[in-house]
Amino acid sequence: MEEKVAIIEALIFASETPLTAERVVEILPGTDKKEIVLLFGELVREYEQRGSGVCLREIAGGFQFRTRADLAPWIRKLKTGRPAMLSQAALETLAVVAYRQPLVKAEIDRIRGVDVSGALKGLLEKKLVRIVGRKDVPGKPIIYGTTRKFLEVFNLRDLSELPTLRELKDLQE
Amino acid sequence: MSYEIKLDIFEGPLDLLLYLIRKNEIDIYNIPIALITAQYLAYLEMMRSLNLDLAGEYLVLASTLIHIKSKLLLPPDESEGEEEEGEDPRAELVQQLLEYQIFKEAALRLENRPLLERDVFTRGAPGEAPSAAEEEGEAMMEVGVFELVAAFRRIVAGFDRPEELEIDAEKMSLADRINEIMEMLSEKQQMTFVELIGDRTDRRRIIYTFLAILELMKLRMIRAYQSGPFGAIRLFLAVEG
């Protein structure tokens, strides 16, 4: 049991992308997904209790070690360059896509009241938004959605981790 | 005399309108259209005098505001029937403003999350995870239709033995094949053209596979890469997902 936890910890450490339970089952014979998920949970708690500077987070359906958010000022000293920030236009466009996906560009234009071509192009290039397909109406407009990278960049387990539109609405009233 | 002009940057006409509403401490459900329209137009005038690029959307909203204002001035239209209490001409705009406001808040929440490479960091991570193509080790170049046609010819030439071209009663549609290919690709991340065709070599299957790939490339749902002239053509999903 303890050995398995150690193996999983090492796998997560060595993995470039968030490690999924399915992947661990492939690697560790004789285990099942349920068991691995439990062991993931155990590791998460271990890191929390230790007050570690690194925490284990569930990201985009997998697990990944990430530094604690409050330690960012120190890590920024280590890193060169400033993090690439999204413009307000890009953030608003991304928010509309995240909540209303799958959707066409005309719908984003309508909600934001501006032409979002530029912002959308930037998001596609940054791979935060992707083309999901085409809508079966005249003109076959392109349908957009968010990517796995969107979840990774915004530190999200899945889309349901975002506050719902209703919660945001209630907040304003 | 000199002016110091502090100009808020607006994300669009709705943003400007929300700003005016907040600045005047107005109830969004009961917008004094005359006041807001006057202020809105004054802002547009100022932006114009500063030679700021005034996007067409600002003018569209200006005309909407003036239209609403004129509707409010006119007596209710008799012909519209009396059962309806004449809908508030502002209703649609208010709805739009409320919706936009929610997404502005959603955008703010997104920005305040612990962001990768700003607040949280992964182990020695480079700025960006390499794409599947880059992980291949060798430089891959994106291929177009012509390379695909050439590959198609090579495959057909290799398979084209008459005894294998039996009549296949199996019905196949392009849509089915597209879905199959997307499924296989999302499972395996990348496949070569030959792998996609599989070891069943009936002509119809090859042709449908080829057409499906062309269609998917046109839709930009998949990308084709080749490691060099005559290298195997590999197909990837256009984006992870």
# chains A, B, ... in the order shown; residues from 1 in each chain; ligands from 1

call {"tool": "closest_atom_pairs", "arguments": {"of": "chain B", "to": "chain A", "cutoff": "10 Å", "atoms": "only C-alpha atoms", "output": "CSV"}}
result
residue,atom,partner,partner_atom,distance
B:Phe10,CA,A:Ala89,CA,9.5
B:Glu11,CA,A:Ala89,CA,6.3
B:Gly12,CA,A:Val114,CA,5.9
B:Pro13,CA,A:Gly113,CA,6.6
B:Leu14,CA,A:Gly113,CA,6.1
B:Asp15,CA,A:Arg112,CA,8.5
B:Ala55,CA,A:Val114,CA,8.4
B:Gly56,CA,A:Val114,CA,8.7
B:Glu57,CA,A:Val114,CA,6.0
B:Tyr58,CA,A:Val114,CA,8.5
B:Val60,CA,A:Gly113,CA,9.6
B:Leu61,CA,A:Gly113,CA,8.7
B:Gln96,CA,A:Ile111,CA,6.9
B:Leu97,CA,A:Ile111,CA,8.7
B:Leu98,CA,A:Lys169,CA,8.5
B:Glu99,CA,A:Ile111,CA,7.0
B:Tyr100,CA,A:Ile111,CA,5.9
B:Gln101,CA,A:Lys169,CA,8.5
B:Ile102,CA,A:Lys169,CA,5.9
B:Phe103,CA,A:Ala95,CA,6.3
B:Lys104,CA,A:Glu92,CA,6.0
B:Glu105,CA,A:Leu168,CA,6.8
B:Ala106,CA,A:Ala95,CA,5.9
B:Ala107,CA,A:Glu92,CA,5.0
B:Leu108,CA,A:Leu91,CA,7.8
B:Arg109,CA,A:Pro163,CA,8.4
B:Leu110,CA,A:Phe154,CA,7.1
B:Glu111,CA,A:Leu91,CA,7.3
B:Asn112,CA,A:Phe154,CA,9.3
B:Arg113,CA,A:Phe154,CA,6.3
B:Pro114,CA,A:Ala69,CA,6.2
B:Leu115,CA,A:Phe154,CA,5.1
B:Leu116,CA,A:Val153,CA,4.8
B:Glu117,CA,A:Pro83,CA,6.0
B:Arg118,CA,A:Pro83,CA,5.6
B:Asp119,CA,A:Ala72,CA,5.0
B:Val120,CA,A:Ala69,CA,5.1
B:Phe121,CA,A:Thr67,CA,5.3
B:Thr122,CA,A:Arg66,CA,4.8
B:Arg123,CA,A:Arg66,CA,7.1
B:Gly124,CA,A:Lys79,CA,9.7
B:Ala125,CA,A:Glu16,CA,8.1
B:Gly127,CA,A:Pro83,CA,8.7
B:Glu128,CA,A:Lys126,CA,9.5
B:Ala129,CA,A:Glu16,CA,7.8
B:Pro130,CA,A:Glu16,CA,9.5
B:Leu216,CA,A:Gly133,CA,9.4
B:Leu219,CA,A:Gly133,CA,7.2
B:Arg220,CA,A:Ile131,CA,7.6
B:Met221,CA,A:Ile131,CA,7.0
B:Ala238,CA,A:Arg130,CA,8.2
B:Val239,CA,A:Arg130,CA,6.4
B:Glu240,CA,A:Arg148,CA,6.4
B:Gly241,CA,A:Arg148,CA,5.7

call {"tool": "write_last_selection", "arguments": {"atoms": "N, CA and C atoms", "output": "compact mmCIF listing (two decimals), in the first residue's frame"}}
result
# COMPACT_ATOMS: atom_id res chain seq x y z
N PHE B 10 -12.69 51.69 -22.20
CA PHE B 10 -13.91 50.88 -22.22
C PHE B 10 -13.76 49.71 -23.16
N GLU B 11 -14.37 48.63 -22.76
CA GLU B 11 -14.29 47.41 -23.57
C GLU B 11 -15.33 47.39 -24.68
N GLY B 12 -16.11 48.44 -24.77
CA GLY B 12 -17.14 48.48 -25.80
C GLY B 12 -18.29 49.34 -25.32
N PRO B 13 -19.30 49.51 -26.17
CA PRO B 13 -20.41 50.39 -25.82
C PRO B 13 -21.15 49.97 -24.55
N LEU B 14 -21.30 48.66 -24.35
CA LEU B 14 -22.02 48.20 -23.15
C LEU B 14 -21.23 48.56 -21.90
N ASP B 15 -19.92 48.44 -22.01
CA ASP B 15 -19.04 48.77 -20.89
C ASP B 15 -19.17 50.26 -20.55
N ALA B 55 -15.17 52.61 -32.73
CA ALA B 55 -15.70 51.44 -33.43
C ALA B 55 -17.18 51.65 -33.72
N GLY B 56 -17.61 51.04 -34.80
CA GLY B 56 -18.99 51.18 -35.25
C GLY B 56 -20.00 50.80 -34.19
N GLU B 57 -19.60 49.86 -33.30
CA GLU B 57 -20.56 49.39 -32.29
C GLU B 57 -21.02 50.53 -31.37
N TYR B 58 -20.13 51.50 -31.14
CA TYR B 58 -20.50 52.61 -30.28
C TYR B 58 -21.64 53.41 -30.90
N VAL B 60 -23.80 52.23 -33.10
CA VAL B 60 -25.02 51.42 -33.11
C VAL B 60 -25.77 51.61 -31.80
N LEU B 61 -25.03 51.55 -30.70
CA LEU B 61 -25.70 51.71 -29.41
C LEU B 61 -26.25 53.13 -29.26
N GLN B 96 -29.71 43.08 -21.89
CA GLN B 96 -28.37 42.94 -22.45
C GLN B 96 -27.30 43.43 -21.46
N LEU B 97 -27.61 44.53 -20.81
CA LEU B 97 -26.67 45.09 -19.83
C LEU B 97 -26.46 44.14 -18.66
N LEU B 98 -27.57 43.57 -18.20
CA LEU B 98 -27.48 42.66 -17.05
C LEU B 98 -26.64 41.44 -17.41
N GLU B 99 -26.90 40.94 -18.62
CA GLU B 99 -26.15 39.75 -19.05
C GLU B 99 -24.67 40.08 -19.17
N TYR B 100 -24.38 41.21 -19.77
CA TYR B 100 -22.98 41.60 -19.94
C TYR B 100 -22.29 41.78 -18.58
N GLN B 101 -23.03 42.36 -17.66
CA GLN B 101 -22.48 42.59 -16.32
C GLN B 101 -22.07 41.27 -15.66
N ILE B 102 -22.89 40.25 -15.86
CA ILE B 102 -22.58 38.94 -15.27
C ILE B 102 -21.29 38.39 -15.86
N PHE B 103 -21.13 38.54 -17.17
CA PHE B 103 -19.92 38.01 -17.79
C PHE B 103 -18.68 38.83 -17.43
N LYS B 104 -18.90 40.11 -17.17
CA LYS B 104 -17.77 40.93 -16.70
C LYS B 104 -17.29 40.41 -15.34
N GLU B 105 -18.27 40.08 -14.51
CA GLU B 105 -17.94 39.53 -13.19
C GLU B 105 -17.24 38.17 -13.35
N ALA B 106 -17.76 37.36 -14.30
CA ALA B 106 -17.16 36.05 -14.55
C ALA B 106 -15.70 36.21 -14.99
N ALA B 107 -15.45 37.23 -15.83
CA ALA B 107 -14.09 37.48 -16.32
C ALA B 107 -13.18 37.87 -15.16
N LEU B 108 -13.73 38.68 -14.26
CA LEU B 108 -12.96 39.11 -13.09
C LEU B 108 -12.60 37.91 -12.21
N ARG B 109 -13.57 37.02 -12.03
CA ARG B 109 -13.33 35.82 -11.23
C ARG B 109 -12.25 34.95 -11.86
N LEU B 110 -12.30 34.87 -13.18
CA LEU B 110 -11.28 34.07 -13.88
C LEU B 110 -9.91 34.67 -13.61
N GLU B 111 -9.83 35.98 -13.72
CA GLU B 111 -8.53 36.64 -13.56
C GLU B 111 -7.99 36.48 -12.14
N ASN B 112 -8.91 36.40 -11.18
CA ASN B 112 -8.48 36.30 -9.79
C ASN B 112 -8.15 34.88 -9.35
N ARG B 113 -8.33 33.94 -10.26
CA ARG B 113 -7.96 32.57 -9.90
C ARG B 113 -6.44 32.47 -9.82
N PRO B 114 -5.94 31.46 -9.10
CA PRO B 114 -4.49 31.25 -9.11
C PRO B 114 -4.07 30.80 -10.50
N LEU B 115 -3.43 31.68 -11.23
CA LEU B 115 -3.10 31.36 -12.62
C LEU B 115 -1.74 30.69 -12.73
N LEU B 116 -1.68 29.75 -13.66
CA LEU B 116 -0.44 29.05 -13.95
C LEU B 116 0.59 30.05 -14.48
N GLU B 117 1.80 29.95 -13.96
CA GLU B 117 2.90 30.83 -14.36
C GLU B 117 2.76 32.26 -13.84
N ARG B 118 1.70 32.54 -13.08
CA ARG B 118 1.60 33.84 -12.44
C ARG B 118 1.55 33.63 -10.93
N ASP B 119 0.69 32.72 -10.50
CA ASP B 119 0.52 32.47 -9.06
C ASP B 119 0.96 31.07 -8.67
N VAL B 120 0.72 30.13 -9.55
CA VAL B 120 1.14 28.76 -9.26
C VAL B 120 2.05 28.28 -10.37
N PHE B 121 2.96 27.40 -9.98
CA PHE B 121 3.95 26.95 -10.96
C PHE B 121 4.06 25.44 -10.89
N THR B 122 4.32 24.85 -12.04
CA THR B 122 4.57 23.42 -12.03
C THR B 122 6.07 23.21 -12.03
N ARG B 123 6.47 21.98 -11.84
CA ARG B 123 7.88 21.67 -11.68
C ARG B 123 8.70 22.08 -12.91
N GLY B 124 9.54 23.08 -12.73
CA GLY B 124 10.45 23.52 -13.79
C GLY B 124 9.79 23.65 -15.14
N ALA B 125 8.50 23.99 -15.12
CA ALA B 125 7.76 23.97 -16.37
C ALA B 125 8.22 25.08 -17.30
N GLY B 127 7.34 27.69 -20.41
CA GLY B 127 6.14 28.51 -20.54
C GLY B 127 4.94 27.73 -21.03
N GLU B 128 5.19 26.86 -21.92
CA GLU B 128 4.08 26.17 -22.54
C GLU B 128 4.40 24.70 -22.73
N ALA B 129 3.43 23.88 -22.47
CA ALA B 129 3.65 22.45 -22.71
C ALA B 129 3.80 22.23 -24.20
N PRO B 130 4.75 21.42 -24.57
CA PRO B 130 4.96 21.21 -26.00
C PRO B 130 3.76 20.49 -26.61
N LEU B 216 -12.17 16.99 -42.61
CA LEU B 216 -11.75 17.38 -41.26
C LEU B 216 -10.66 18.44 -41.31
N LEU B 219 -12.30 21.69 -42.07
CA LEU B 219 -12.97 22.22 -40.88
C LEU B 219 -11.96 22.62 -39.80
N ARG B 220 -10.70 22.37 -40.06
CA ARG B 220 -9.63 22.63 -39.10
C ARG B 220 -9.80 21.87 -37.81
N MET B 221 -10.33 20.69 -37.91
CA MET B 221 -10.48 19.87 -36.71
C MET B 221 -9.29 18.94 -36.54
N ALA B 238 -6.74 18.95 -34.03
CA ALA B 238 -6.25 20.32 -34.19
C ALA B 238 -5.88 20.92 -32.85
N VAL B 239 -6.63 20.59 -31.82
CA VAL B 239 -6.30 21.09 -30.49
C VAL B 239 -6.59 19.97 -29.52
N GLU B 240 -5.98 20.06 -28.38
CA GLU B 240 -6.20 19.02 -27.38
C GLU B 240 -7.65 19.07 -26.95
N GLY B 241 -8.15 17.97 -26.45
CA GLY B 241 -9.54 18.07 -26.01
C GLY B 241 -10.12 16.79 -25.67

call {"tool": "select_by_dssp", "arguments": {"residues": "range 175-212 of chain B", "states": "helix (DSSP H, G or I)", "output": "PyMOL selection string"}}
result
chain B and resi 175-188+193-197+203-212

call {"tool": "write_last_selection", "arguments": {"atoms": "C-alpha atoms", "output": "mmCIF file, in the first residue's frame"}}
result
data_model
loop_
_atom_site.group_PDB
_atom_site.id
_atom_site.type_symbol
_atom_site.label_atom_id
_atom_site.label_comp_id
_atom_site.auth_asym_id
_atom_site.auth_seq_id
_atom_site.Cartn_x
_atom_site.Cartn_y
_atom_site.Cartn_z
ATOM 1 C CA ALA B 175 -20.267 11.207 -41.591
ATOM 2 C CA ASP B 176 -19.725 7.805 -39.930
ATOM 3 C CA ARG B 177 -16.164 7.688 -41.119
ATOM 4 C CA ILE B 178 -15.522 11.239 -39.858
ATOM 5 C CA ASN B 179 -16.846 10.297 -36.458
ATOM 6 C CA GLU B 180 -14.812 7.112 -36.387
ATOM 7 C CA ILE B 181 -11.664 9.017 -37.248
ATOM 8 C CA MET B 182 -12.303 11.677 -34.617
ATOM 9 C CA GLU B 183 -12.881 8.947 -32.046
ATOM 10 C CA MET B 184 -9.708 7.112 -32.954
ATOM 11 C CA LEU B 185 -7.707 10.323 -32.894
ATOM 12 C CA SER B 186 -9.011 11.490 -29.544
ATOM 13 C CA GLU B 187 -8.060 8.108 -28.151
ATOM 14 C CA LYS B 188 -4.604 7.818 -29.679
ATOM 15 C CA PHE B 193 -2.634 7.871 -42.642
ATOM 16 C CA VAL B 194 -1.924 4.167 -43.133
ATOM 17 C CA GLU B 195 -3.028 3.314 -39.611
ATOM 18 C CA LEU B 196 -6.289 5.125 -40.163
ATOM 19 C CA ILE B 197 -7.059 3.092 -43.227
ATOM 20 C CA ARG B 203 -11.387 0.726 -52.183
ATOM 21 C CA ARG B 204 -14.462 2.332 -50.754
ATOM 22 C CA ARG B 205 -12.964 2.421 -47.278
ATOM 23 C CA ILE B 206 -9.795 4.031 -48.544
ATOM 24 C CA ILE B 207 -11.729 6.647 -50.462
ATOM 25 C CA TYR B 208 -14.033 7.465 -47.594
ATOM 26 C CA THR B 209 -11.098 7.727 -45.233
ATOM 27 C CA PHE B 210 -9.391 10.102 -47.600
ATOM 28 C CA LEU B 211 -12.506 12.226 -48.067
ATOM 29 C CA ALA B 212 -13.100 12.303 -44.310
#

call {"tool": "residues_around", "arguments": {"residues": "Ile31 in chain B", "least_positions_apart": "6", "cutoff": "9 Å", "atoms": "only C-alpha atoms", "output": "list in words"}}
result
Ile21, Arg90 and Val94 of chain B
